[in-house]
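data_0.cif follows (mmCIF, C-alpha atoms):
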data_coords
loop_
_atom_site.group_PDB
_atom_site.id
_atom_site.type_symbol
_atom_site.label_atom_id
_atom_site.label_comp_id
_atom_site.auth_asym_id
_atom_site.auth_seq_id
_atom_site.Cartn_x
_atom_site.Cartn_y
_atom_site.Cartn_z
ATOM 1 C CA MET A 1 -35.630 -25.540 -24.947
ATOM 2 C CA ALA A 2 -33.536 -23.803 -27.602
ATOM 3 C CA ILE A 3 -34.257 -20.075 -27.865
ATOM 4 C CA SER A 4 -33.958 -18.532 -31.315
ATOM 5 C CA ALA A 5 -31.983 -15.389 -31.969
ATOM 6 C CA GLN A 6 -35.146 -13.900 -33.553
ATOM 7 C CA ALA A 7 -37.092 -14.384 -30.304
ATOM 8 C CA VAL A 8 -34.335 -12.719 -28.282
ATOM 9 C CA LYS A 9 -34.285 -9.838 -30.758
ATOM 10 C CA GLU A 10 -38.067 -9.367 -30.546
ATOM 11 C CA LEU A 11 -38.066 -9.416 -26.739
ATOM 12 C CA ARG A 12 -35.209 -6.944 -26.670
ATOM 13 C CA GLU A 13 -37.063 -4.575 -29.010
ATOM 14 C CA ARG A 14 -40.258 -4.824 -26.964
ATOM 15 C CA THR A 15 -38.643 -4.279 -23.567
ATOM 16 C CA GLY A 16 -35.324 -2.532 -24.196
ATOM 17 C CA ALA A 17 -33.650 -5.053 -21.881
ATOM 18 C CA GLY A 18 -30.176 -6.462 -22.516
ATOM 19 C CA MET A 19 -29.637 -9.404 -24.838
ATOM 20 C CA MET A 20 -28.518 -11.838 -22.120
ATOM 21 C CA ASP A 21 -31.378 -10.768 -19.825
ATOM 22 C CA CYS A 22 -33.827 -11.433 -22.674
ATOM 23 C CA LYS A 23 -32.312 -14.836 -23.414
ATOM 24 C CA ARG A 24 -32.490 -15.869 -19.753
ATOM 25 C CA ALA A 25 -36.084 -14.657 -19.441
ATOM 26 C CA LEU A 26 -37.145 -16.683 -22.493
ATOM 27 C CA GLU A 27 -35.355 -19.770 -21.199
ATOM 28 C CA GLU A 28 -37.033 -19.455 -17.803
ATOM 29 C CA THR A 29 -40.485 -19.072 -19.392
ATOM 30 C CA ASN A 30 -39.992 -21.820 -22.003
ATOM 31 C CA GLY A 31 -40.069 -19.336 -24.839
ATOM 32 C CA ASP A 32 -43.365 -17.663 -23.875
ATOM 33 C CA MET A 33 -42.914 -14.090 -25.065
ATOM 34 C CA GLU A 34 -45.607 -12.476 -22.877
ATOM 35 C CA LYS A 35 -44.474 -14.290 -19.743
ATOM 36 C CA ALA A 36 -40.880 -13.282 -20.515
ATOM 37 C CA ILE A 37 -41.972 -9.640 -20.766
ATOM 38 C CA ASP A 38 -43.762 -9.931 -17.406
ATOM 39 C CA LEU A 39 -40.691 -11.551 -15.862
ATOM 40 C CA LEU A 40 -38.429 -8.719 -17.038
ATOM 41 C CA ARG A 41 -40.914 -6.178 -15.705
ATOM 42 C CA GLU A 42 -41.072 -7.958 -12.351
ATOM 43 C CA ARG A 43 -37.288 -7.856 -12.098
ATOM 44 C CA GLY A 44 -37.243 -4.194 -13.016
ATOM 45 C CA ILE A 45 -35.043 -4.838 -16.031
ATOM 46 C CA ALA A 46 -37.504 -3.623 -18.654
ATOM 47 C CA LYS A 47 -38.160 -0.499 -16.612
ATOM 48 C CA ALA A 48 -34.438 0.052 -16.180
ATOM 49 C CA ALA A 49 -33.826 -0.173 -19.891
ATOM 50 C CA LYS A 50 -36.115 2.790 -20.541
ATOM 51 C CA LYS A 51 -33.845 4.920 -18.379
ATOM 52 C CA ALA A 52 -30.592 3.672 -19.907
ATOM 53 C CA GLY A 53 -30.521 6.416 -22.532
ATOM 54 C CA ARG A 54 -30.508 9.215 -20.003
ATOM 55 C CA ILE A 55 -27.248 11.041 -19.407
ATOM 56 C CA ALA A 56 -25.713 10.129 -16.058
ATOM 57 C CA ALA A 57 -23.164 12.839 -15.286
ATOM 58 C CA GLU A 58 -23.601 13.123 -11.521
ATOM 59 C CA GLY A 59 -22.570 10.480 -9.025
ATOM 60 C CA LEU A 60 -19.712 9.571 -6.710
ATOM 61 C CA THR A 61 -16.250 8.125 -6.499
ATOM 62 C CA SER A 62 -15.200 5.678 -3.805
ATOM 63 C CA TYR A 63 -12.237 3.474 -2.959
ATOM 64 C CA ALA A 64 -11.383 0.215 -1.252
ATOM 65 C CA ILE A 65 -8.075 -1.128 0.042
ATOM 66 C CA GLU A 66 -7.184 -4.764 0.594
ATOM 67 C CA GLY A 67 -3.604 -5.397 1.677
ATOM 68 C CA ASN A 68 -1.252 -4.306 -1.094
ATOM 69 C CA VAL A 69 -4.061 -3.627 -3.576
ATOM 70 C CA ALA A 70 -6.344 -0.604 -3.761
ATOM 71 C CA ALA A 71 -9.132 0.344 -6.145
ATOM 72 C CA ILE A 72 -10.956 3.552 -6.967
ATOM 73 C CA VAL A 73 -14.242 3.691 -8.890
ATOM 74 C CA GLU A 74 -16.627 6.207 -10.402
ATOM 75 C CA VAL A 75 -20.338 5.413 -10.545
ATOM 76 C CA ASN A 76 -22.704 7.876 -12.190
ATOM 77 C CA CYS A 77 -26.347 8.792 -11.749
ATOM 78 C CA GLU A 78 -28.499 11.537 -13.242
ATOM 79 C CA THR A 79 -28.939 13.929 -10.321
ATOM 80 C CA ASP A 80 -27.071 15.112 -7.281
ATOM 81 C CA PHE A 81 -30.173 14.236 -5.271
ATOM 82 C CA VAL A 82 -29.629 10.531 -5.984
ATOM 83 C CA ALA A 83 -25.883 10.888 -5.357
ATOM 84 C CA LYS A 84 -26.866 11.775 -1.771
ATOM 85 C CA ASN A 85 -29.156 8.743 -1.495
ATOM 86 C CA PRO A 86 -27.719 6.266 1.087
ATOM 87 C CA GLU A 87 -28.750 3.337 -1.134
ATOM 88 C CA PHE A 88 -26.743 4.734 -4.041
ATOM 89 C CA GLN A 89 -23.783 5.555 -1.784
ATOM 90 C CA THR A 90 -23.735 1.979 -0.469
ATOM 91 C CA LEU A 91 -23.819 0.653 -4.033
ATOM 92 C CA VAL A 92 -20.768 2.743 -4.972
ATOM 93 C CA LYS A 93 -18.813 1.511 -1.934
ATOM 94 C CA ASP A 94 -19.819 -2.077 -2.661
ATOM 95 C CA ILE A 95 -18.633 -1.744 -6.272
ATOM 96 C CA ALA A 96 -15.251 -0.489 -5.028
ATOM 97 C CA GLU A 97 -15.026 -3.534 -2.731
ATOM 98 C CA HIS A 98 -15.987 -5.768 -5.659
ATOM 99 C CA VAL A 99 -13.221 -4.358 -7.853
ATOM 100 C CA VAL A 100 -10.482 -4.655 -5.213
ATOM 101 C CA THR A 101 -11.369 -8.282 -4.457
ATOM 102 C CA GLN A 102 -12.220 -9.502 -7.971
ATOM 103 C CA ARG A 103 -9.665 -7.391 -9.879
ATOM 104 C CA PRO A 104 -11.513 -7.393 -13.218
ATOM 105 C CA ALA A 105 -9.682 -6.498 -16.409
ATOM 106 C CA SER A 106 -12.333 -3.994 -17.504
ATOM 107 C CA VAL A 107 -15.685 -2.500 -16.552
ATOM 108 C CA GLU A 108 -17.339 -4.922 -18.985
ATOM 109 C CA ALA A 109 -15.660 -7.864 -17.238
ATOM 110 C CA ALA A 110 -16.675 -6.520 -13.817
ATOM 111 C CA LEU A 111 -20.326 -6.281 -14.877
ATOM 112 C CA GLU A 112 -20.316 -9.975 -15.779
ATOM 113 C CA GLN A 113 -18.822 -11.101 -12.463
ATOM 114 C CA PRO A 114 -20.956 -12.464 -9.578
ATOM 115 C CA PHE A 115 -21.552 -9.675 -7.095
ATOM 116 C CA LYS A 116 -20.967 -10.227 -3.362
ATOM 117 C CA GLY A 117 -21.281 -13.978 -3.797
ATOM 118 C CA ASN A 118 -25.081 -13.934 -4.140
ATOM 119 C CA GLY A 119 -25.160 -15.366 -7.662
ATOM 120 C CA ASP A 120 -26.368 -12.188 -9.379
ATOM 121 C CA LYS A 121 -24.031 -10.426 -11.755
ATOM 122 C CA LEU A 122 -23.032 -6.849 -11.018
ATOM 123 C CA SER A 123 -24.937 -5.750 -14.150
ATOM 124 C CA GLN A 124 -28.142 -7.279 -12.733
ATOM 125 C CA VAL A 125 -27.647 -5.570 -9.378
ATOM 126 C CA ILE A 126 -27.205 -2.199 -11.086
ATOM 127 C CA SER A 127 -30.329 -2.780 -13.206
ATOM 128 C CA GLU A 128 -32.318 -3.523 -10.045
ATOM 129 C CA LYS A 129 -31.037 -0.311 -8.447
ATOM 130 C CA ILE A 130 -32.043 1.658 -11.541
ATOM 131 C CA ALA A 131 -35.563 0.273 -11.150
ATOM 132 C CA THR A 132 -35.839 1.008 -7.417
ATOM 133 C CA ILE A 133 -34.054 4.381 -7.378
ATOM 134 C CA GLY A 134 -35.626 5.584 -10.632
ATOM 135 C CA GLU A 135 -32.572 6.993 -12.412
ATOM 136 C CA ASN A 136 -30.038 5.708 -14.882
ATOM 137 C CA ILE A 137 -26.925 4.435 -13.088
ATOM 138 C CA THR A 138 -23.669 3.587 -14.840
ATOM 139 C CA PHE A 139 -20.465 2.056 -13.542
ATOM 140 C CA ARG A 140 -18.167 4.277 -15.573
ATOM 141 C CA ARG A 141 -14.565 3.435 -14.694
ATOM 142 C CA PHE A 142 -12.114 2.112 -12.159
ATOM 143 C CA SER A 143 -8.393 1.899 -11.547
ATOM 144 C CA ILE A 144 -6.340 -0.540 -9.473
ATOM 145 C CA LEU A 145 -3.046 0.358 -7.782
ATOM 146 C CA GLU A 146 -0.560 -1.973 -6.115
ATOM 147 C CA LYS A 147 2.238 -1.405 -3.605
ATOM 148 C CA SER A 148 4.900 -3.430 -1.823
ATOM 149 C CA ASP A 149 5.001 -4.248 1.892
ATOM 150 C CA ASN A 150 7.271 -1.195 2.228
ATOM 151 C CA GLY A 151 4.699 1.178 0.809
ATOM 152 C CA VAL A 152 1.486 2.911 1.734
ATOM 153 C CA PHE A 153 -1.760 3.982 0.093
ATOM 154 C CA GLY A 154 -3.308 7.392 0.532
ATOM 155 C CA ALA A 155 -6.953 8.020 -0.306
ATOM 156 C CA TYR A 156 -8.885 11.256 -0.291
ATOM 157 C CA LEU A 157 -12.501 12.019 -1.184
ATOM 158 C CA HIS A 158 -13.431 15.651 -1.748
ATOM 159 C CA MET A 159 -17.013 16.929 -1.357
ATOM 160 C CA GLY A 160 -18.198 13.505 -0.277
ATOM 161 C CA GLY A 161 -16.747 11.809 -3.336
ATOM 162 C CA LYS A 162 -17.216 14.313 -6.170
ATOM 163 C CA ILE A 163 -13.439 14.061 -6.557
ATOM 164 C CA GLY A 164 -11.607 10.904 -5.520
ATOM 165 C CA VAL A 165 -7.857 10.352 -5.370
ATOM 166 C CA LEU A 166 -5.800 7.264 -4.702
ATOM 167 C CA VAL A 167 -2.016 7.544 -4.150
ATOM 168 C CA ALA A 168 0.596 4.786 -3.882
ATOM 169 C CA LEU A 169 3.919 5.604 -2.180
ATOM 170 C CA GLU A 170 6.975 3.364 -1.775
ATOM 171 C CA GLY A 171 9.690 3.584 0.857
ATOM 172 C CA THR A 172 7.427 4.904 3.609
ATOM 173 C CA LYS A 173 4.586 3.867 5.892
ATOM 174 C CA ASP A 174 3.556 7.474 6.527
ATOM 175 C CA GLU A 175 -0.230 7.390 6.081
ATOM 176 C CA VAL A 176 -0.565 11.106 6.860
ATOM 177 C CA LEU A 177 1.846 11.994 4.048
ATOM 178 C CA ALA A 178 0.021 9.684 1.642
ATOM 179 C CA LYS A 179 -3.353 11.240 2.474
ATOM 180 C CA ASP A 180 -1.886 14.759 2.230
ATOM 181 C CA LEU A 181 -0.660 13.958 -1.267
ATOM 182 C CA GLY A 182 -4.108 12.650 -2.133
ATOM 183 C CA MET A 183 -5.522 15.982 -0.986
ATOM 184 C CA HIS A 184 -2.843 17.771 -3.011
ATOM 185 C CA ALA A 185 -3.780 15.873 -6.190
ATOM 186 C CA ALA A 186 -7.468 16.656 -5.629
ATOM 187 C CA ALA A 187 -6.677 20.382 -5.431
ATOM 188 C CA SER A 188 -3.880 20.690 -8.019
ATOM 189 C CA ASN A 189 -5.176 18.223 -10.617
ATOM 190 C CA PRO A 190 -1.815 16.968 -11.956
ATOM 191 C CA ARG A 191 -1.781 14.914 -15.139
ATOM 192 C CA TYR A 192 1.359 12.913 -14.409
ATOM 193 C CA ALA A 193 3.180 11.541 -11.373
ATOM 194 C CA ASN A 194 6.651 12.414 -12.734
ATOM 195 C CA ARG A 195 8.405 13.624 -15.894
ATOM 196 C CA GLU A 196 9.017 10.084 -17.113
ATOM 197 C CA GLU A 197 5.271 9.651 -17.643
ATOM 198 C CA VAL A 198 5.112 12.583 -20.085
ATOM 199 C CA SER A 199 5.515 11.297 -23.630
ATOM 200 C CA GLN A 200 8.269 12.716 -25.798
ATOM 201 C CA GLU A 201 5.602 13.569 -28.357
ATOM 202 C CA GLU A 202 3.769 15.810 -25.887
ATOM 203 C CA ILE A 203 7.011 17.475 -24.775
ATOM 204 C CA GLU A 204 7.955 18.243 -28.373
ATOM 205 C CA ARG A 205 4.468 19.570 -29.115
ATOM 206 C CA GLU A 206 4.640 21.854 -26.076
ATOM 207 C CA ARG A 207 8.146 22.940 -27.030
ATOM 208 C CA GLU A 208 6.946 23.880 -30.525
ATOM 209 C CA VAL A 209 4.022 25.906 -29.131
ATOM 210 C CA LEU A 210 6.321 27.754 -26.719
ATOM 211 C CA LYS A 211 8.824 28.439 -29.481
ATOM 212 C CA ASN A 212 6.154 29.936 -31.741
ATOM 213 C CA GLN A 213 4.842 32.033 -28.852
ATOM 214 C CA ALA A 214 8.309 33.433 -28.159
ATOM 215 C CA LEU A 215 8.910 34.256 -31.814
ATOM 216 C CA ALA A 216 5.469 35.897 -32.052
ATOM 217 C CA GLU A 217 6.447 38.070 -29.099
ATOM 218 C CA GLY A 218 9.372 39.299 -31.187
ATOM 219 C CA LYS A 219 12.068 37.660 -29.054
ATOM 220 C CA PRO A 220 15.493 37.338 -30.736
ATOM 221 C CA ALA A 221 16.049 33.903 -32.264
ATOM 222 C CA ASN A 222 19.306 33.419 -30.327
ATOM 223 C CA ILE A 223 17.527 33.473 -26.960
ATOM 224 C CA VAL A 224 14.314 31.715 -27.969
ATOM 225 C CA GLU A 225 15.673 28.227 -27.174
ATOM 226 C CA LYS A 226 16.638 29.235 -23.628
ATOM 227 C CA MET A 227 13.250 30.849 -23.139
ATOM 228 C CA VAL A 228 11.507 27.710 -24.391
ATOM 229 C CA GLU A 229 13.363 25.473 -21.929
ATOM 230 C CA GLY A 230 12.535 27.843 -19.089
ATOM 231 C CA ARG A 231 8.860 27.898 -19.985
ATOM 232 C CA LEU A 232 8.876 24.127 -20.448
ATOM 233 C CA GLY A 233 9.901 23.916 -16.809
ATOM 234 C CA LYS A 234 6.726 25.831 -15.948
ATOM 235 C CA PHE A 235 4.737 23.267 -17.954
ATOM 236 C CA PHE A 236 6.178 20.436 -15.853
ATOM 237 C CA GLU A 237 5.541 22.407 -12.680
ATOM 238 C CA GLU A 238 1.897 22.802 -13.622
ATOM 239 C CA PHE A 239 1.123 19.244 -14.696
ATOM 240 C CA VAL A 240 3.677 16.904 -13.058
ATOM 241 C CA MET A 241 2.751 16.119 -9.470
ATOM 242 C CA VAL A 242 6.229 15.774 -7.964
ATOM 243 C CA GLU A 243 7.192 19.168 -9.440
ATOM 244 C CA GLN A 244 4.141 21.041 -8.193
ATOM 245 C CA PRO A 245 4.281 23.318 -5.129
ATOM 246 C CA PHE A 246 2.700 21.395 -2.237
ATOM 247 C CA VAL A 247 -0.766 22.823 -1.516
ATOM 248 C CA LYS A 248 -0.215 22.942 2.253
ATOM 249 C CA ASP A 249 3.190 24.614 1.899
ATOM 250 C CA PRO A 250 3.630 26.296 -1.513
ATOM 251 C CA ASP A 251 7.271 27.118 -0.721
ATOM 252 C CA LYS A 252 8.057 23.422 -0.895
ATOM 253 C CA LYS A 253 7.676 21.138 -3.907
ATOM 254 C CA VAL A 254 6.114 17.700 -3.616
ATOM 255 C CA SER A 255 9.469 16.183 -4.604
ATOM 256 C CA ALA A 256 11.114 17.811 -1.564
ATOM 257 C CA LEU A 257 8.367 16.454 0.687
ATOM 258 C CA LEU A 258 8.936 12.951 -0.652
ATOM 259 C CA LYS A 259 12.708 13.247 -0.282
ATOM 260 C CA GLU A 260 12.371 14.199 3.395
ATOM 261 C CA ALA A 261 10.347 11.041 3.979
ATOM 262 C CA GLY A 262 12.665 8.843 1.900
ATOM 263 C CA ALA A 263 9.672 8.022 -0.259
ATOM 264 C CA THR A 264 8.831 7.833 -3.945
ATOM 265 C CA LEU A 265 5.515 8.447 -5.661
ATOM 266 C CA LYS A 266 4.756 5.200 -7.452
ATOM 267 C CA ALA A 267 1.396 6.209 -8.924
ATOM 268 C CA PHE A 268 -1.777 8.193 -8.381
ATOM 269 C CA VAL A 269 -5.275 8.229 -9.839
ATOM 270 C CA ARG A 270 -7.651 11.193 -9.719
ATOM 271 C CA PHE A 271 -11.302 10.836 -10.742
ATOM 272 C CA GLN A 272 -13.621 13.810 -10.934
ATOM 273 C CA VAL A 273 -17.263 12.876 -11.294
ATOM 274 C CA GLY A 274 -18.652 13.566 -14.748
ATOM 275 C CA GLU A 275 -15.426 14.867 -16.305
ATOM 276 C CA GLY A 276 -15.599 14.374 -20.052
ATOM 277 C CA ILE A 277 -19.340 13.624 -20.041
ATOM 278 C CA GLU A 278 -21.412 16.025 -22.080
ATOM 279 C CA LYS A 279 -24.300 17.054 -19.866
ATOM 280 C CA LYS A 280 -27.681 17.561 -21.450
ATOM 281 C CA GLN A 281 -28.844 21.160 -21.260
ATOM 282 C CA GLU A 282 -32.510 21.131 -20.312
ATOM 283 C CA ASP A 283 -34.768 23.761 -21.851
ATOM 284 C CA PHE A 284 -38.044 23.222 -20.018
ATOM 285 C CA ALA A 285 -39.936 25.932 -21.940
ATOM 286 C CA ALA A 286 -38.999 24.323 -25.250
ATOM 287 C CA GLU A 287 -39.875 20.903 -23.830
ATOM 288 C CA VAL A 288 -43.363 22.060 -22.819
ATOM 289 C CA MET A 289 -43.959 23.666 -26.213
ATOM 290 C CA ALA A 290 -42.832 20.501 -27.961
ATOM 291 C CA GLN A 291 -45.420 18.527 -25.982
ATOM 292 C CA VAL A 292 -48.127 21.110 -26.719
ATOM 293 C CA ASN A 293 -47.375 20.952 -30.440
ATOM 294 C CA LYS A 294 -47.745 17.186 -30.412
ATOM 295 C CA GLN A 295 -51.338 17.454 -29.160
#

Please express the file's structure as structure tokens.
Amino acid sequence: MAISAQAVKELRERTGAGMMDCKRALEETNGDMEKAIDLLRERGIAKAAKKAGRIAAEGLTSYAIEGNVAAIVEVNCETDFVAKNPEFQTLVKDIAEHVVTQRPASVEAALEQPFKGNGDKLSQVISEKIATIGENITFRRFSILEKSDNGVFGAYLHMGGKIGVLVALEGTKDEVLAKDLGMHAAASNPRYANREEVSQEEIEREREVLKNQALAEGKPANIVEKMVEGRLGKFFEEFVMVEQPFVKDPDKKVSALLKEAGATLKAFVRFQVGEGIEKKQEDFAAEVMAQVNKQ
């Protein structure tokens, strides 16, 4: 039977479930609103929706490699306790495998894809996990890297996956070097692989800041430009991976390490769990008082 948009809207408001989940539930129950609500509750979707507003800033990163393609993902939960849950950890690994095999264009596209060939969409699987684990879970982001047959991937997970790095090298098969550079990126947190990735706009902005700093220090105008270029080199050394001192041997730059191996750094991705997410600051005393005042 045809399901009206008004019925879907009502079911969504009453359960907090997603629009497509509501539509499917109504179709499966021939438009019976109460049965549709029960169906969503049975599947854990209505329960999951109640948790969807909670901030998920903990979680894990994971990676998967398939031939010349590799993927890294970040999946969030609410607490570190759940991040240590084997069921959650398996979910994160499975999502990484899903991304590397399905190669979705976006997180939204990935959520709509069948998961592990069982007919359920990834979004449904996550909703079921939210219901069973009891916390909000979000598939936040992913990145896919590719290499040639003459390249190698390096992957490194720090603190069990709180920081995840994926590196793609060309011109070498040295897996130890690739993993070492993954470890380096985890520790040094570079923004760019090489200078070419830094936009001219950012370079000019940095140059202007350095110039104003030098002038404010009272440096003579005739030497300011030279000072700016010197300090700009420090900027590249701090944020460009190939120009950073290698963490295992600070006397040697990453570029020198690559040159020795006849390799080039094609790309890297570094995910740190929760970066950029504003965590809710709990004030339990205020929370208790708020409840008391409601009574």

Please evaluate the PyMOL selection byres ((chain A and resi 114) around 12) against the displayed coordinates and give the resulting residues as number ranges by chain.
A: 95, 98-99, 101-102, 104, 109-113, 115-125

Export C-alpha atoms of the chosen residues as a CSV table (one decimal), keeping the file's coordinate frame?
chain,number,residue,atom,x,y,z
A,95,ILE,CA,-18.6,-1.7,-6.3
A,98,HIS,CA,-16.0,-5.8,-5.7
A,99,VAL,CA,-13.2,-4.4,-7.9
A,101,THR,CA,-11.4,-8.3,-4.5
A,102,GLN,CA,-12.2,-9.5,-8.0
A,104,PRO,CA,-11.5,-7.4,-13.2
A,109,ALA,CA,-15.7,-7.9,-17.2
A,110,ALA,CA,-16.7,-6.5,-13.8
A,111,LEU,CA,-20.3,-6.3,-14.9
A,112,GLU,CA,-20.3,-10.0,-15.8
A,113,GLN,CA,-18.8,-11.1,-12.5
A,115,PHE,CA,-21.6,-9.7,-7.1
A,116,LYS,CA,-21.0,-10.2,-3.4
A,117,GLY,CA,-21.3,-14.0,-3.8
A,118,ASN,CA,-25.1,-13.9,-4.1
A,119,GLY,CA,-25.2,-15.4,-7.7
A,120,ASP,CA,-26.4,-12.2,-9.4
A,121,LYS,CA,-24.0,-10.4,-11.8
A,122,LEU,CA,-23.0,-6.8,-11.0
A,123,SER,CA,-24.9,-5.8,-14.2
A,124,GLN,CA,-28.1,-7.3,-12.7
A,125,VAL,CA,-27.6,-5.6,-9.4

Atom CA of Ala263 of chain A and atom CA of Ser143 of chain A are how many Å apart?
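Going from atom CA of Ala263 of chain A over to atom CA of Ser143 of chain A, I get 22.2 Å.
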
Please evaluate the PyMOL selection byres ((chain A and resi 131-141) around 6) against the displayed coordinates and give the resulting residues as JSON, numbers by chain.
{"A": [44, 48, 51, 52, 73, 74, 75, 76, 77, 128, 129, 130, 142]}

In terms of the shortest atom-to-atom distance over only C-alpha atoms, which of A:Arg191, A:Val152, A:Ile163, A:Thr264 is closest to Glu175 of chain A?
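Counting only C-alpha atoms, the residue closest to Glu175 of chain A is A:Val152.
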
So which residues get picked by the PyMOL selection byres ((chain A and resi 242) around 8) here, written as a tab-separated table (two decimals) with C-alpha atoms, in the frame of the given file?
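Listed below is the output, part03.tsv:
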chain	number	residue	atom	x	y	z
A	193	ALA	CA	3.18	11.54	-11.37
A	194	ASN	CA	6.65	12.41	-12.73
A	240	VAL	CA	3.68	16.90	-13.06
A	241	MET	CA	2.75	16.12	-9.47
A	243	GLU	CA	7.19	19.17	-9.44
A	244	GLN	CA	4.14	21.04	-8.19
A	253	LYS	CA	7.68	21.14	-3.91
A	254	VAL	CA	6.11	17.70	-3.62
A	255	SER	CA	9.47	16.18	-4.60
A	265	LEU	CA	5.52	8.45	-5.66

One-decimal distance in Å that lies between atom CA of Ile203 of chain A and atom CA of Phe246 of chain A:
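One can read the atom CA of Phe246 of chain A to atom CA of Ile203 of chain A distance as 23.3 Å.
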
Just how far from atom CA of His158 of chain A is atom CA of Phe271 of chain A, in Å to one decimal?
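Separation of atom CA of Phe271 of chain A and atom CA of His158 of chain A: 10.4 Å.
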